[in-house]
file upload_2.txt (compact mmCIF, C-alpha atoms)
# COMPACT_ATOMS: atom_id res chain seq x y z
CA MET A 19 10.75 -43.76 -117.77
CA THR A 20 11.90 -42.34 -121.10
CA LYS A 21 15.26 -41.55 -119.54
CA PHE A 22 15.72 -44.73 -117.55
CA LEU A 23 19.47 -45.09 -118.08
CA THR A 24 20.71 -41.74 -116.79
CA PRO A 25 24.15 -41.38 -115.15
CA ALA A 26 22.48 -41.65 -111.73
CA THR A 27 20.52 -44.83 -112.51
CA LYS A 28 23.57 -46.41 -114.15
CA MET A 29 25.63 -45.72 -111.05
CA GLY A 30 22.75 -46.92 -108.86
CA LEU A 31 22.46 -50.19 -110.79
CA SER A 32 26.24 -50.71 -110.82
CA ILE A 33 26.52 -50.34 -107.07
CA SER A 34 23.37 -52.46 -106.62
CA ILE A 35 25.07 -55.35 -108.38
CA ALA A 36 28.41 -54.87 -106.62
CA THR A 37 26.84 -54.49 -103.19
CA GLY A 38 24.06 -57.01 -103.77
CA LEU A 39 26.55 -59.75 -104.68
CA TYR A 40 28.34 -59.07 -101.41
CA GLY A 41 25.14 -60.34 -99.72
CA ILE A 42 26.37 -63.88 -100.50
CA SER A 43 29.23 -63.47 -98.06
CA PHE A 44 26.95 -61.93 -95.44
CA GLY A 45 24.50 -64.81 -95.70
CA ALA A 46 27.18 -67.47 -95.50
CA LEU A 47 29.14 -65.74 -92.72
CA SER A 48 25.97 -65.25 -90.70
CA ILE A 49 25.25 -69.00 -90.81
CA ALA A 50 28.89 -69.69 -89.91
CA ALA A 51 28.55 -67.28 -86.96
CA GLY A 52 25.76 -69.42 -85.56
CA LEU A 53 22.62 -67.58 -86.65
CA ASN A 54 19.88 -69.61 -88.30
CA LEU A 55 18.40 -69.03 -91.77
CA TRP A 56 15.51 -66.87 -90.58
CA GLN A 57 17.64 -64.71 -88.28
CA THR A 58 19.98 -64.14 -91.23
CA VAL A 59 17.12 -63.30 -93.61
CA ALA A 60 15.54 -60.98 -91.00
CA LEU A 61 18.76 -58.98 -90.63
CA SER A 62 18.94 -58.26 -94.36
CA ALA A 63 15.21 -57.58 -94.80
CA LEU A 64 14.54 -55.57 -91.63
CA MET A 65 17.86 -54.12 -90.47
CA PHE A 66 19.12 -53.57 -94.04
CA THR A 67 22.37 -51.77 -93.34
CA GLY A 68 25.38 -53.90 -94.18
CA GLY A 69 27.87 -52.48 -91.69
CA SER A 70 25.48 -53.03 -88.78
CA GLN A 71 24.60 -56.52 -90.02
CA PHE A 72 28.27 -57.51 -90.21
CA ALA A 73 28.86 -55.95 -86.80
CA PHE A 74 25.98 -57.98 -85.33
CA ILE A 75 27.18 -61.36 -86.63
CA GLY A 76 30.80 -60.40 -85.90
CA VAL A 77 30.03 -60.02 -82.19
CA ILE A 78 28.05 -63.28 -82.12
CA SER A 79 30.79 -65.25 -83.91
CA GLY A 80 33.36 -63.81 -81.50
CA GLY A 81 31.34 -65.25 -78.65
CA GLY A 82 29.60 -62.00 -77.72
CA ALA A 83 26.13 -61.75 -76.18
CA GLY A 84 22.99 -60.76 -78.06
CA SER A 85 22.96 -57.48 -76.14
CA ALA A 86 26.53 -56.72 -77.23
CA ALA A 87 25.64 -57.52 -80.83
CA PHE A 88 22.61 -55.22 -80.50
CA SER A 89 24.79 -52.36 -79.20
CA ALA A 90 27.47 -52.74 -81.85
CA ALA A 91 24.89 -52.85 -84.66
CA SER A 92 22.98 -49.85 -83.29
CA LEU A 93 26.13 -47.74 -82.82
CA LEU A 94 27.25 -48.48 -86.35
CA GLY A 95 23.76 -47.60 -87.58
CA VAL A 96 23.89 -44.09 -86.10
CA ARG A 97 25.49 -42.79 -89.29
CA ASN A 98 22.25 -43.64 -91.09
CA ALA A 99 20.59 -40.85 -89.08
CA VAL A 100 23.19 -38.49 -90.53
CA TYR A 101 22.43 -39.84 -94.00
CA GLY A 102 18.70 -39.39 -93.32
CA MET A 103 19.29 -35.72 -92.48
CA GLN A 104 21.25 -35.28 -95.72
CA ILE A 105 18.63 -37.05 -97.84
CA LYS A 106 15.81 -35.07 -96.23
CA GLN A 107 17.73 -31.87 -96.88
CA SER A 108 18.48 -32.63 -100.50
CA LEU A 109 15.36 -34.55 -101.66
CA ARG A 110 12.71 -32.91 -99.39
CA PRO A 111 10.48 -36.04 -99.31
CA GLN A 112 6.76 -35.84 -98.54
CA GLY A 113 5.62 -37.32 -95.24
CA ARG A 114 4.14 -40.50 -96.70
CA GLN A 115 7.41 -41.26 -98.54
CA VAL A 116 9.45 -41.14 -95.35
CA PRO A 117 8.70 -44.67 -94.03
CA TRP A 118 10.14 -46.50 -97.06
CA MET A 119 12.78 -43.91 -97.86
CA ALA A 120 14.10 -44.22 -94.30
CA GLN A 121 14.49 -47.98 -94.73
CA LEU A 122 16.44 -47.45 -97.99
CA THR A 123 18.73 -44.85 -96.37
CA ILE A 124 22.15 -46.55 -96.35
CA ASP A 125 25.75 -45.74 -97.32
CA GLU A 126 25.37 -46.50 -101.00
CA SER A 127 21.97 -44.93 -101.74
CA THR A 128 22.99 -41.76 -99.90
CA ALA A 129 26.35 -41.52 -101.62
CA VAL A 130 24.92 -42.14 -105.10
CA SER A 131 22.21 -39.55 -104.48
CA LEU A 132 24.47 -36.85 -103.02
CA GLY A 133 26.95 -37.40 -105.84
CA GLN A 134 24.44 -36.05 -108.41
CA ALA A 135 24.09 -32.39 -109.34
CA HIS A 136 20.36 -32.11 -110.16
CA MET A 137 17.28 -32.85 -108.07
CA ASP A 138 15.82 -35.42 -110.53
CA GLU A 139 19.11 -37.28 -110.68
CA LYS A 140 19.50 -37.21 -106.90
CA ARG A 141 16.06 -38.82 -106.57
CA ARG A 142 16.71 -41.41 -109.28
CA GLY A 143 20.09 -42.26 -107.79
CA PHE A 144 18.64 -42.74 -104.31
CA ILE A 145 15.74 -44.93 -105.45
CA THR A 146 17.74 -47.01 -107.95
CA ALA A 147 20.58 -47.71 -105.53
CA GLY A 148 18.30 -48.15 -102.49
CA ALA A 149 15.70 -50.42 -104.11
CA GLY A 150 18.24 -52.24 -106.29
CA ILE A 151 20.47 -53.06 -103.34
CA TYR A 152 17.45 -54.01 -101.19
CA ILE A 153 16.27 -56.59 -103.73
CA LEU A 154 19.70 -58.02 -104.61
CA TRP A 155 21.08 -57.85 -101.06
CA ASN A 156 18.14 -59.92 -99.78
CA LEU A 157 18.25 -62.42 -102.65
CA PHE A 158 21.99 -62.96 -102.31
CA THR A 159 21.77 -63.10 -98.51
CA MET A 160 19.31 -65.98 -98.91
CA LEU A 161 21.54 -67.64 -101.53
CA GLY A 162 24.65 -67.20 -99.37
CA ALA A 163 22.90 -68.58 -96.31
CA LEU A 164 21.78 -71.63 -98.29
CA LEU A 165 25.17 -72.21 -99.88
CA GLY A 166 26.76 -72.07 -96.47
CA GLU A 167 30.28 -71.86 -95.26
CA GLN A 168 32.27 -72.88 -98.35
CA MET A 169 31.29 -69.68 -100.15
CA GLY A 170 31.53 -67.62 -96.99
CA ASP A 171 35.02 -66.27 -97.57
CA PRO A 172 34.57 -63.10 -99.63
CA ALA A 173 38.31 -63.11 -100.42
CA VAL A 174 37.95 -66.17 -102.68
CA TRP A 175 35.74 -64.16 -105.04
CA GLY A 176 37.63 -60.90 -104.68
CA LEU A 177 34.45 -59.44 -103.20
CA ASP A 178 36.40 -57.72 -100.43
CA GLY A 179 38.45 -56.01 -103.13
CA ALA A 180 35.23 -55.07 -104.94
CA ALA A 181 33.88 -53.46 -101.77
CA VAL A 182 37.01 -51.33 -101.38
CA ALA A 183 36.74 -50.27 -105.04
CA ALA A 184 33.04 -49.47 -104.58
CA PHE A 185 33.71 -47.08 -101.70
CA ILE A 186 36.70 -45.33 -103.30
CA GLY A 187 34.58 -45.04 -106.46
CA LEU A 188 31.97 -43.13 -104.48
CA LEU A 189 34.51 -40.92 -102.72
CA TRP A 190 36.55 -40.08 -105.83
CA PRO A 191 34.13 -37.67 -107.57
CA ARG A 192 33.98 -35.55 -104.40
CA LEU A 193 37.75 -34.97 -104.29
CA LYS A 194 37.76 -32.10 -106.74
CA SER A 195 39.58 -29.51 -104.64
CA MET A 196 42.20 -29.43 -101.90
CA GLN A 197 39.81 -29.13 -98.94
CA PRO A 198 37.87 -32.42 -99.42
CA VAL A 199 41.16 -34.20 -100.21
CA MET A 200 42.63 -33.04 -96.91
CA ILE A 201 39.44 -33.98 -95.05
CA ALA A 202 39.48 -37.45 -96.67
CA LEU A 203 43.15 -38.04 -95.79
CA ALA A 204 42.64 -36.82 -92.21
CA ALA A 205 39.57 -39.07 -91.88
CA ALA A 206 41.52 -42.07 -93.20
CA VAL A 207 44.41 -41.50 -90.76
CA LEU A 208 42.03 -40.92 -87.83
CA THR A 209 40.12 -44.10 -88.67
CA ALA A 210 43.34 -46.13 -88.87
CA LEU A 211 44.47 -44.74 -85.50
CA ALA A 212 41.11 -45.56 -83.92
CA VAL A 213 40.83 -49.14 -85.24
CA PRO A 214 43.20 -50.88 -82.76
CA VAL A 215 41.87 -49.02 -79.72
CA SER A 216 38.10 -49.09 -80.23
CA ALA A 217 35.37 -51.64 -80.82
CA PRO A 218 34.57 -52.63 -84.42
CA GLY A 219 32.41 -49.95 -86.00
CA MET A 220 33.47 -47.22 -83.58
CA PRO A 221 36.32 -45.78 -85.73
CA ILE A 222 33.75 -44.70 -88.33
CA LEU A 223 31.65 -42.96 -85.64
CA ILE A 224 34.69 -41.35 -83.99
CA THR A 225 35.75 -40.03 -87.38
CA ALA A 226 32.22 -38.74 -88.07
CA VAL A 227 32.07 -36.88 -84.74
CA CYS A 228 35.51 -35.32 -85.28
CA ALA A 229 34.56 -34.29 -88.83
CA ALA A 230 31.34 -32.70 -87.55
CA ILE A 231 33.19 -30.77 -84.83
CA PHE A 232 35.81 -29.66 -87.36
CA ALA A 233 33.08 -28.53 -89.77
CA VAL A 234 31.25 -26.53 -87.08
CA PHE A 235 34.44 -24.66 -86.14
CA THR A 236 35.51 -23.99 -89.73
CA SER A 237 32.05 -23.09 -91.07
CA GLY A 238 32.23 -19.66 -92.68
CA LYS A 239 36.02 -19.47 -92.46
CA VAL A 240 36.88 -21.67 -95.42
CA PRO A 241 35.32 -21.86 -98.87
CA ASN A 242 32.80 -24.66 -99.13
CA ALA A 243 34.29 -27.07 -101.61
CA THR A 244 31.75 -29.82 -101.83
CA GLU A 245 28.34 -30.13 -103.31
CA HIS A 246 26.12 -28.52 -100.69
CA GLY A 247 28.50 -25.64 -100.34
CA ARG A 248 28.55 -25.10 -104.08
CA LEU A 249 24.77 -25.05 -104.24
CA ARG A 250 24.63 -22.57 -101.40
CA SER A 251 27.19 -20.29 -103.02
CA VAL A 252 25.03 -20.36 -106.15
CA GLU A 253 22.07 -19.24 -104.08
CA GLN A 254 24.03 -16.42 -102.48
CA GLU A 255 25.80 -15.18 -105.60
CA PRO A 256 23.54 -15.88 -108.55
CA GLY A 257 25.26 -16.08 -111.90
CA GLN A 258 28.73 -16.80 -110.54
CA GLU A 259 28.59 -20.54 -110.92
CA GLN A 260 26.18 -22.69 -112.89
CA GLU A 261 25.33 -26.26 -111.96
CA MET B 8 11.66 -67.90 -80.15
CA SER B 9 15.23 -68.04 -78.87
CA GLU B 10 16.84 -65.18 -76.98
CA LEU B 11 19.09 -64.46 -79.96
CA SER B 12 16.05 -64.07 -82.23
CA TRP B 13 14.68 -61.38 -79.89
CA TRP B 14 18.00 -59.52 -80.03
CA VAL B 15 17.94 -59.79 -83.83
CA LEU B 16 14.46 -58.21 -83.91
CA ALA B 17 15.43 -55.56 -81.34
CA ALA B 18 18.51 -54.60 -83.37
CA CYS B 19 16.37 -54.42 -86.55
CA LEU B 20 13.85 -52.12 -84.82
CA SER B 21 16.67 -49.98 -83.44
CA ALA B 22 18.27 -49.67 -86.88
CA TYR B 23 14.97 -48.52 -88.43
CA ALA B 24 14.28 -46.09 -85.58
CA ILE B 25 17.73 -44.54 -86.07
CA LYS B 26 17.09 -44.19 -89.82
CA LEU B 27 13.75 -42.47 -89.09
CA CYS B 28 15.42 -40.08 -86.63
CA GLY B 29 17.32 -38.48 -89.51
CA TYR B 30 14.05 -37.53 -91.17
CA PHE B 31 12.50 -35.88 -88.10
CA VAL B 32 15.13 -33.26 -87.44
CA PRO B 33 13.40 -29.85 -87.77
CA ARG B 34 13.81 -28.28 -91.20
CA LYS B 35 15.14 -25.05 -89.59
CA VAL B 36 18.15 -26.98 -88.33
CA LEU B 37 18.76 -28.53 -91.74
CA ASP B 38 18.63 -25.20 -93.55
CA SER B 39 21.40 -23.49 -91.56
CA PRO B 40 24.71 -22.83 -93.39
CA ILE B 41 26.58 -24.66 -90.63
CA MET B 42 24.46 -27.77 -91.23
CA SER B 43 25.25 -27.67 -94.94
CA HIS B 44 28.96 -27.42 -94.24
CA VAL B 45 28.78 -30.18 -91.63
CA ALA B 46 26.85 -32.43 -94.03
CA SER B 47 29.31 -32.06 -96.91
CA THR B 48 32.33 -32.51 -94.63
CA LEU B 49 30.74 -35.57 -93.03
CA THR B 50 30.06 -37.19 -96.39
CA VAL B 51 33.71 -37.00 -97.44
CA ALA B 52 34.97 -38.04 -94.01
CA LEU B 53 32.57 -41.01 -93.74
CA LEU B 54 33.39 -42.30 -97.22
CA ALA B 55 37.13 -42.00 -96.53
CA SER B 56 36.61 -43.80 -93.23
CA LEU B 57 34.65 -46.59 -94.95
CA VAL B 58 37.41 -46.97 -97.57
CA THR B 59 39.96 -47.29 -94.76
CA VAL B 60 37.92 -49.81 -92.78
CA ASN B 61 37.20 -51.91 -95.88
CA ALA B 62 40.78 -51.80 -97.19
CA PHE B 63 43.03 -51.98 -94.15
CA THR B 64 41.28 -53.60 -91.22
CA SER B 65 40.45 -57.07 -89.99
CA GLY B 66 38.46 -56.82 -86.78
CA GLN B 67 40.48 -54.48 -84.56
CA GLU B 68 43.73 -55.04 -86.44
CA LEU B 69 45.30 -53.00 -89.21
CA VAL B 70 46.39 -55.34 -91.98
CA ILE B 71 48.06 -55.06 -95.38
CA ASP B 72 46.73 -57.67 -97.79
CA ALA B 73 45.39 -58.03 -101.34
CA ARG B 74 42.79 -55.31 -100.65
CA ILE B 75 45.46 -52.56 -100.82
CA GLY B 76 46.15 -53.81 -104.36
CA ALA B 77 42.43 -53.61 -105.08
CA LEU B 78 42.42 -50.03 -103.78
CA GLY B 79 45.42 -49.07 -105.93
CA ALA B 80 43.95 -50.72 -109.04
CA ALA B 81 40.60 -49.00 -108.46
CA ILE B 82 42.31 -45.60 -108.12
CA ILE B 83 44.20 -46.19 -111.38
CA ALA B 84 40.87 -47.08 -113.07
CA LEU B 85 39.34 -43.89 -111.64
CA VAL B 86 42.24 -41.76 -112.88
CA PHE B 87 41.55 -43.16 -116.35
CA LYS B 88 37.86 -42.26 -115.89
CA ALA B 89 36.62 -45.86 -116.04
CA PRO B 90 32.87 -46.45 -115.52
CA TYR B 91 31.83 -47.24 -111.97
CA LEU B 92 31.13 -50.93 -112.57
CA VAL B 93 34.53 -51.33 -114.26
CA VAL B 94 36.17 -49.76 -111.21
CA VAL B 95 34.40 -52.29 -108.97
CA LEU B 96 35.35 -55.23 -111.23
CA VAL B 97 38.97 -54.02 -111.40
CA GLY B 98 39.02 -54.03 -107.58
CA ALA B 99 37.75 -57.62 -107.44
CA LEU B 100 40.12 -58.80 -110.19
CA ALA B 101 43.15 -57.20 -108.54
CA ALA B 102 42.37 -58.98 -105.26
CA ILE B 103 41.88 -62.32 -107.04
CA LEU B 104 45.09 -61.98 -109.09
CA LEU B 105 47.23 -60.87 -106.16
CA ARG B 106 46.09 -63.91 -104.17
CA ALA B 107 46.33 -66.33 -107.10
CA THR B 108 49.93 -65.28 -107.77
CA GLY B 109 50.81 -65.41 -104.09
CA LEU B 110 51.85 -61.75 -104.04
CA ALA B 111 49.44 -60.93 -101.23
CA ALA B 112 47.29 -62.66 -98.63
call {"tool": "encode", "arguments": {"input": "upload_2.txt", "output": "structure tokens"}}
result
Amino acid sequence: MTKFLTPATKMGLSISIATGLYGISFGALSIAAGLNLWQTVALSALMFTGGSQFAFIGVISGGGAGSAAFSAASLLGVRNAVYGMQIKQSLRPQGRQVPWMAQLTIDESTAVSLGQAHMDEKRRGFITAGAGIYILWNLFTMLGALLGEQMGDPAVWGLDGAAVAAFIGLLWPRLKSMQPVMIALAAAVLTALAVPVSAPGMPILITAVCAAIFAVFTSGKVPNATEHGRLRSVEQEPGQEQE
Amino acid sequence: MSELSWWVLAACLSAYAIKLCGYFVPRKVLDSPIMSHVASTLTVALLASLVTVNAFTSGQELVIDARIGALGAAIIALVFKAPYLVVVLVGALAAILLRATGLAA
């Protein structure tokens, strides 16, 4: 605890506040969509993955069935399995840590963790962002649900702009060479192309699948430009690059 | 309990099961060089996809509104090496200002 405010914990706390506050709009929009207080609270406490939660209430508010909401939320949640693989690979958690770490495995905690260079910082980033967002997201979901519809529009508070800034802020540090920049641009274009022709949430999955296929076919042919690749190259050629 | 409540619980269970799945992939698979390359590529692609969805979409429609201003302002803040929370606040402020001045929806 002597080094509580490290770069990783600062980033974790920052994104906890930014993301946690966004819980207000989820809570209010969920009520507006026709869910009751306890259904809304359950989604944030038990599902705890914002994209899937918004997908669930989005289907309900559009008149969709519970089964359709279930499918949309589950499909959007599939990326968390990818995040889980990445977190397991980089943090190597013990078996008894897995149940709670799995629940905290979301976009933000994974991104904050993977954005750090050292093992201790990766762990601190994951826990700070995961636990911080869990607490604030649930508190602000409750607050938003209680406040109701008049605070439901995230645009009024610029919270939709804050969300965009939060995600580009996480992506930015990874764009240090040409290869990740090209991957990011291709992913953005592919997502935009997929949005009008696929169900909400699907563009992200389509992009993920295409990126995975691309990575499999280019593995070994191109220099690894991002974090895992750098670590691996350090292992293979000791002394060439220091973290 | 209403039918919707059961679907809420089912979706919550499904979400947790999917999260757990990521942790039960055999370590051998995770340690392959291909997996490393796939993981790093996926991270960049997913974040870029999330930026796009958050900045340019409304449901199944592509839209240009105040959020593109938020994105631009955030990028400028990042170029000037602003702290993360400042970047986030700049994004929110840009969206508020663009709407308050009527420059964007």
call {"tool": "interface_residues", "arguments": {"input": "upload_2.txt", "of": "chain B", "to": "chain A", "cutoff": "6 Å", "atoms": "only C-alpha atoms", "output": "PyMOL selection string"}}
result
chain B and resi 11+14+18-19+22+25-30+41+43+45+47+49+51-52+54-56+58-59+61-62+67-68+74+77-78+81+92+95+98-99+102-103
call {"tool": "atom_distance", "arguments": {"input": "upload_2.txt", "atom1": "atom CA of A:Gly41", "atom2": "atom CA of A:Asn156"}}
result
7.0 Å
call {"tool": "atom_distance", "arguments": {"input": "upload_2.txt", "atom1": "atom CA of A:Gln112", "atom2": "atom CA of A:Leu157"}}
result
29.2 Å
call {"tool": "residues_around", "arguments": {"input": "upload_2.txt", "residues": "A:Phe44", "least_positions_apart": "4", "cutoff": "10 Å", "atoms": "only C-alpha atoms", "output": "PyMOL selection string"}}
result
chain A and resi 39-40+48-50+58+61-62+68+71-72+75+155+158-163+170-172
call {"tool": "write_last_selection", "arguments": {"input": "upload_2.txt", "atoms": "C-alpha atoms", "output": "PDB file, in the frame of the given file"}}
result
ATOM      1  CA  LEU A  39      26.550 -59.750-104.680  1.00  0.00           C
ATOM      2  CA  TYR A  40      28.340 -59.070-101.410  1.00  0.00           C
ATOM      3  CA  SER A  48      25.970 -65.250 -90.700  1.00  0.00           C
ATOM      4  CA  ILE A  49      25.250 -69.000 -90.810  1.00  0.00           C
ATOM      5  CA  ALA A  50      28.890 -69.690 -89.910  1.00  0.00           C
ATOM      6  CA  THR A  58      19.980 -64.140 -91.230  1.00  0.00           C
ATOM      7  CA  LEU A  61      18.760 -58.980 -90.630  1.00  0.00           C
ATOM      8  CA  SER A  62      18.940 -58.260 -94.360  1.00  0.00           C
ATOM      9  CA  GLY A  68      25.380 -53.900 -94.180  1.00  0.00           C
ATOM     10  CA  GLN A  71      24.600 -56.520 -90.020  1.00  0.00           C
ATOM     11  CA  PHE A  72      28.270 -57.510 -90.210  1.00  0.00           C
ATOM     12  CA  ILE A  75      27.180 -61.360 -86.630  1.00  0.00           C
ATOM     13  CA  TRP A 155      21.080 -57.850-101.060  1.00  0.00           C
ATOM     14  CA  PHE A 158      21.990 -62.960-102.310  1.00  0.00           C
ATOM     15  CA  THR A 159      21.770 -63.100 -98.510  1.00  0.00           C
ATOM     16  CA  MET A 160      19.310 -65.980 -98.910  1.00  0.00           C
ATOM     17  CA  LEU A 161      21.540 -67.640-101.530  1.00  0.00           C
ATOM     18  CA  GLY A 162      24.650 -67.200 -99.370  1.00  0.00           C
ATOM     19  CA  ALA A 163      22.900 -68.580 -96.310  1.00  0.00           C
ATOM     20  CA  GLY A 170      31.530 -67.620 -96.990  1.00  0.00           C
ATOM     21  CA  ASP A 171      35.020 -66.270 -97.570  1.00  0.00           C
ATOM     22  CA  PRO A 172      34.570 -63.100 -99.630  1.00  0.00           C
TER      23      PRO A 172
END
call {"tool": "atom_distance", "arguments": {"input": "upload_2.txt", "atom1": "atom CA of A:Thr146", "atom2": "atom CA of B:Val94"}}
result
18.9 Å
call {"tool": "closest_residue", "arguments": {"input": "upload_2.txt", "among": "A:Met220, A:Lys140, A:Met196, A:Gly150", "to": "A:Pro25", "atoms": "all atoms listed in the file"}}
result
A:Lys140
